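A.B. asks: Sending over a structure as structure tokens; questions will come in a sec.
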Amino acid sequence: STTSGSDGGYRLELPEGRYDLRISAAGYGAQVLAGVMLGEGETRELEAVVLAGDPGALRLRVGLQQGFSADRLTQVQVALLRDGEALRRERPDETGDLLFPDLPAAGYALAVSLPGFVEQRRDATVEPGETADAGFVRLELAPLGETGVEGRVQRQGVAEEAGHGGILVEALGTPFTTRTTSAGRFRLLLPPGPYTLAFQTPHYGGASVELEALA
């Protein structure tokens with residue numbers, strides 16, 4: 001056996017005969033040159049061999065700013081980009097972990113997005129047969145626009161028009177809350193997405209409403 005030089009060249013001294021040559025390198029698939037014949041005193045130059053790299057992988061961890069529940073992480077979209085072109089799109093699990101397997105060795109970019117949050121990007125290089133770690137990305141809220149929900153909540157049995165203030169209105173799994181006016185009116189600004197609104201006030205049973213995704 002022998003090892004190639006930095007330029008990929010090699011020389012292997014062999015007696016006359018027929019040989020199968022196996023060419024391999026760590027992290028790359030092996031190739032076999034079968035039936036190489038050598039005559040007595042012959043030096044034979046073989047064609048160049050290109051070894052294909054073993055597939056690698058790319059790992060990423062995603063988090064949201066404090067106040068958001070873990071299930072919101074599963075709505076995050078991560079696009080795998082190469083030369084500006086999206087190759088795959090995946091979502092992390094509830095712990096924020098994400099793995100892109102079976103990747104050719106190359107440089108990649110990851111675009112991490114969730115409606116209502118500022119998009120983040122990470123660059124990473126995958127080596128043959130290795131798992132590259134793109135680290136941890138925390139998404140932060142974009143400035144809130146005018147997207148939101150408004151309505152009215154009343155305390156049962158209270159006839160007074162101004163007797164419905166201070167009822168807590170919260171979007172479950174998020175840090176967004178507000179309280180009603182004395183007339184029971186509320187307005188809650190929210191980033192795009194689906195929500196469950198919960199209403200609570202002391203000495204009354206709570207209530208909740210499911211909202212379709214806000215655009």
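Chain identifiers are assigned as A, B, and so on, following the order in which chains appear in the structure tokens; residues are numbered from 1 within each chain, and ligands are numbered from 1 in order of appearance.
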Skip A:Ser113 itself and residues of its chain fewer than 2 positions away, then list as a PDB file with N, CA, C and O atoms, in the first residue's frame all residues within 6 Å of it, counting only C-alpha atoms.
C.D. replies:
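And here's part.pdb as it stands now:
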ATOM      1  N   VAL A  76     -41.688  27.307  13.504  1.00  0.00           N
ATOM      2  CA  VAL A  76     -40.526  27.940  12.881  1.00  0.00           C
ATOM      3  C   VAL A  76     -40.165  27.184  11.604  1.00  0.00           C
ATOM      4  O   VAL A  76     -40.211  25.950  11.564  1.00  0.00           O
ATOM      5  N   GLN A  77     -39.810  27.908  10.564  1.00  0.00           N
ATOM      6  CA  GLN A  77     -39.362  27.282   9.325  1.00  0.00           C
ATOM      7  C   GLN A  77     -37.882  27.575   9.111  1.00  0.00           C
ATOM      8  O   GLN A  77     -37.453  28.718   9.241  1.00  0.00           O
ATOM      9  N   GLU A 119     -36.106  37.539  10.811  1.00  0.00           N
ATOM     10  CA  GLU A 119     -35.409  36.376  10.241  1.00  0.00           C
ATOM     11  C   GLU A 119     -33.931  36.399  10.623  1.00  0.00           C
ATOM     12  O   GLU A 119     -33.300  37.449  10.654  1.00  0.00           O
TER      13      GLU A 119
END
A.B. asks: Excluding A:Tyr204 and its own-chain neighbours fewer than 2 positions away, which residues fall within 9 Å of it when counting only C-alpha atoms? Please give them as a list of chain:residue names.
C.D. replies: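 My list of contacting residues is A:Arg155, A:Gln156, A:Gln200, A:Thr201, A:Pro202, A:Gly206.
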A.B. asks: Which one is closest to A:Glu40: A:Asp71, A:Asp83, A:Glu16, A:Glu90? Count only C-alpha atoms.
C.D. replies: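 Result for the nearest residue to A:Glu40: A:Glu16.
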A.B. asks: Please run DSSP on the backbone and report, as a ChimeraX atom specification, all residues within chain A that come out as helix (DSSP H, G or I).
C.D. replies: /A:70-75
A.B. asks: Convert the current residue selection to file output with C-alpha atoms, as a PDB file, in the first residue's frame.
C.D. replies:
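Output contents, as saved in result35.pdb:
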ATOM      1  CA  ALA A  70     -42.297  25.395  23.299  1.00  0.00           C
ATOM      2  CA  ASP A  71     -45.042  24.391  20.860  1.00  0.00           C
ATOM      3  CA  ARG A  72     -44.541  27.694  19.025  1.00  0.00           C
ATOM      4  CA  LEU A  73     -41.077  26.398  18.047  1.00  0.00           C
ATOM      5  CA  THR A  74     -42.651  23.783  15.794  1.00  0.00           C
ATOM      6  CA  GLN A  75     -44.029  26.632  13.640  1.00  0.00           C
TER       7      GLN A  75
END
A.B. asks: Please list as a list in words every residue within 12 Å of A:Gly135, counting only C-alpha atoms and excluding residues in the same chain fewer than 5 positions away.
C.D. replies: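 In the requested form, the answer reads Leu58, Arg59, Leu60, Arg61, Val62, Gly63, Gly96, Asp97, Leu98, Leu99, Leu110, Arg121, Arg122, Asp123 and Ala124 of chain A.
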A.B. asks: Please produce a file of the residues just selected, as an mmCIF file, in the first residue's frame, where the atoms kept are N, CA, C and O atoms.
C.D. replies:
data_model
loop_
_atom_site.group_PDB
_atom_site.id
_atom_site.type_symbol
_atom_site.label_atom_id
_atom_site.label_comp_id
_atom_site.auth_asym_id
_atom_site.auth_seq_id
_atom_site.Cartn_x
_atom_site.Cartn_y
_atom_site.Cartn_z
ATOM 1 N N LEU A 58 -26.107 18.571 9.026
ATOM 2 C CA LEU A 58 -26.045 19.925 9.574
ATOM 3 C C LEU A 58 -27.068 20.044 10.690
ATOM 4 O O LEU A 58 -28.253 19.765 10.494
ATOM 5 N N ARG A 59 -26.600 20.433 11.866
ATOM 6 C CA ARG A 59 -27.461 20.535 13.058
ATOM 7 C C ARG A 59 -27.651 22.004 13.439
ATOM 8 O O ARG A 59 -26.742 22.825 13.325
ATOM 9 N N LEU A 60 -28.855 22.327 13.928
ATOM 10 C CA LEU A 60 -29.177 23.681 14.375
ATOM 11 C C LEU A 60 -30.120 23.599 15.568
ATOM 12 O O LEU A 60 -30.953 22.689 15.648
ATOM 13 N N ARG A 61 -29.986 24.562 16.487
ATOM 14 C CA ARG A 61 -30.910 24.678 17.621
ATOM 15 C C ARG A 61 -31.550 26.060 17.571
ATOM 16 O O ARG A 61 -30.870 27.065 17.366
ATOM 17 N N VAL A 62 -32.869 26.067 17.747
ATOM 18 C CA VAL A 62 -33.638 27.303 17.617
ATOM 19 C C VAL A 62 -34.361 27.595 18.926
ATOM 20 O O VAL A 62 -34.861 26.680 19.595
ATOM 21 N N GLY A 63 -34.419 28.866 19.293
ATOM 22 C CA GLY A 63 -35.177 29.292 20.464
ATOM 23 C C GLY A 63 -35.933 30.577 20.166
ATOM 24 O O GLY A 63 -35.648 31.280 19.193
ATOM 25 N N GLY A 96 -36.603 22.591 19.894
ATOM 26 C CA GLY A 96 -35.860 23.515 19.041
ATOM 27 C C GLY A 96 -34.757 22.866 18.229
ATOM 28 O O GLY A 96 -34.038 23.552 17.501
ATOM 29 N N ASP A 97 -34.604 21.543 18.327
ATOM 30 C CA ASP A 97 -33.539 20.847 17.604
ATOM 31 C C ASP A 97 -33.973 20.520 16.174
ATOM 32 O O ASP A 97 -35.124 20.167 15.916
ATOM 33 N N LEU A 98 -33.009 20.619 15.273
ATOM 34 C CA LEU A 98 -33.261 20.336 13.861
ATOM 35 C C LEU A 98 -32.001 19.752 13.245
ATOM 36 O O LEU A 98 -30.889 20.222 13.520
ATOM 37 N N LEU A 99 -32.171 18.723 12.406
ATOM 38 C CA LEU A 99 -31.038 18.090 11.727
ATOM 39 C C LEU A 99 -31.368 17.918 10.257
ATOM 40 O O LEU A 99 -32.405 17.355 9.902
ATOM 41 N N LEU A 110 -28.428 28.838 6.379
ATOM 42 C CA LEU A 110 -29.706 28.490 6.985
ATOM 43 C C LEU A 110 -30.480 29.778 7.232
ATOM 44 O O LEU A 110 -29.968 30.704 7.869
ATOM 45 N N ARG A 121 -30.039 34.335 9.987
ATOM 46 C CA ARG A 121 -29.300 33.463 9.058
ATOM 47 C C ARG A 121 -28.018 32.978 9.704
ATOM 48 O O ARG A 121 -27.406 33.678 10.511
ATOM 49 N N ARG A 122 -27.629 31.774 9.325
ATOM 50 C CA ARG A 122 -26.378 31.177 9.784
ATOM 51 C C ARG A 122 -25.701 30.498 8.595
ATOM 52 O O ARG A 122 -26.360 29.903 7.757
ATOM 53 N N ASP A 123 -24.384 30.599 8.545
ATOM 54 C CA ASP A 123 -23.592 29.897 7.537
ATOM 55 C C ASP A 123 -22.859 28.734 8.192
ATOM 56 O O ASP A 123 -22.441 28.824 9.355
ATOM 57 N N ALA A 124 -22.704 27.645 7.456
ATOM 58 C CA ALA A 124 -21.991 26.482 7.975
ATOM 59 C C ALA A 124 -21.404 25.691 6.813
ATOM 60 O O ALA A 124 -21.947 25.707 5.703
#
A.B. asks: Just how far from atom CA of A:Ala34 is atom CA of A:Leu12, in Å to one decimal?
C.D. replies: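 The value is 15.4 Å.
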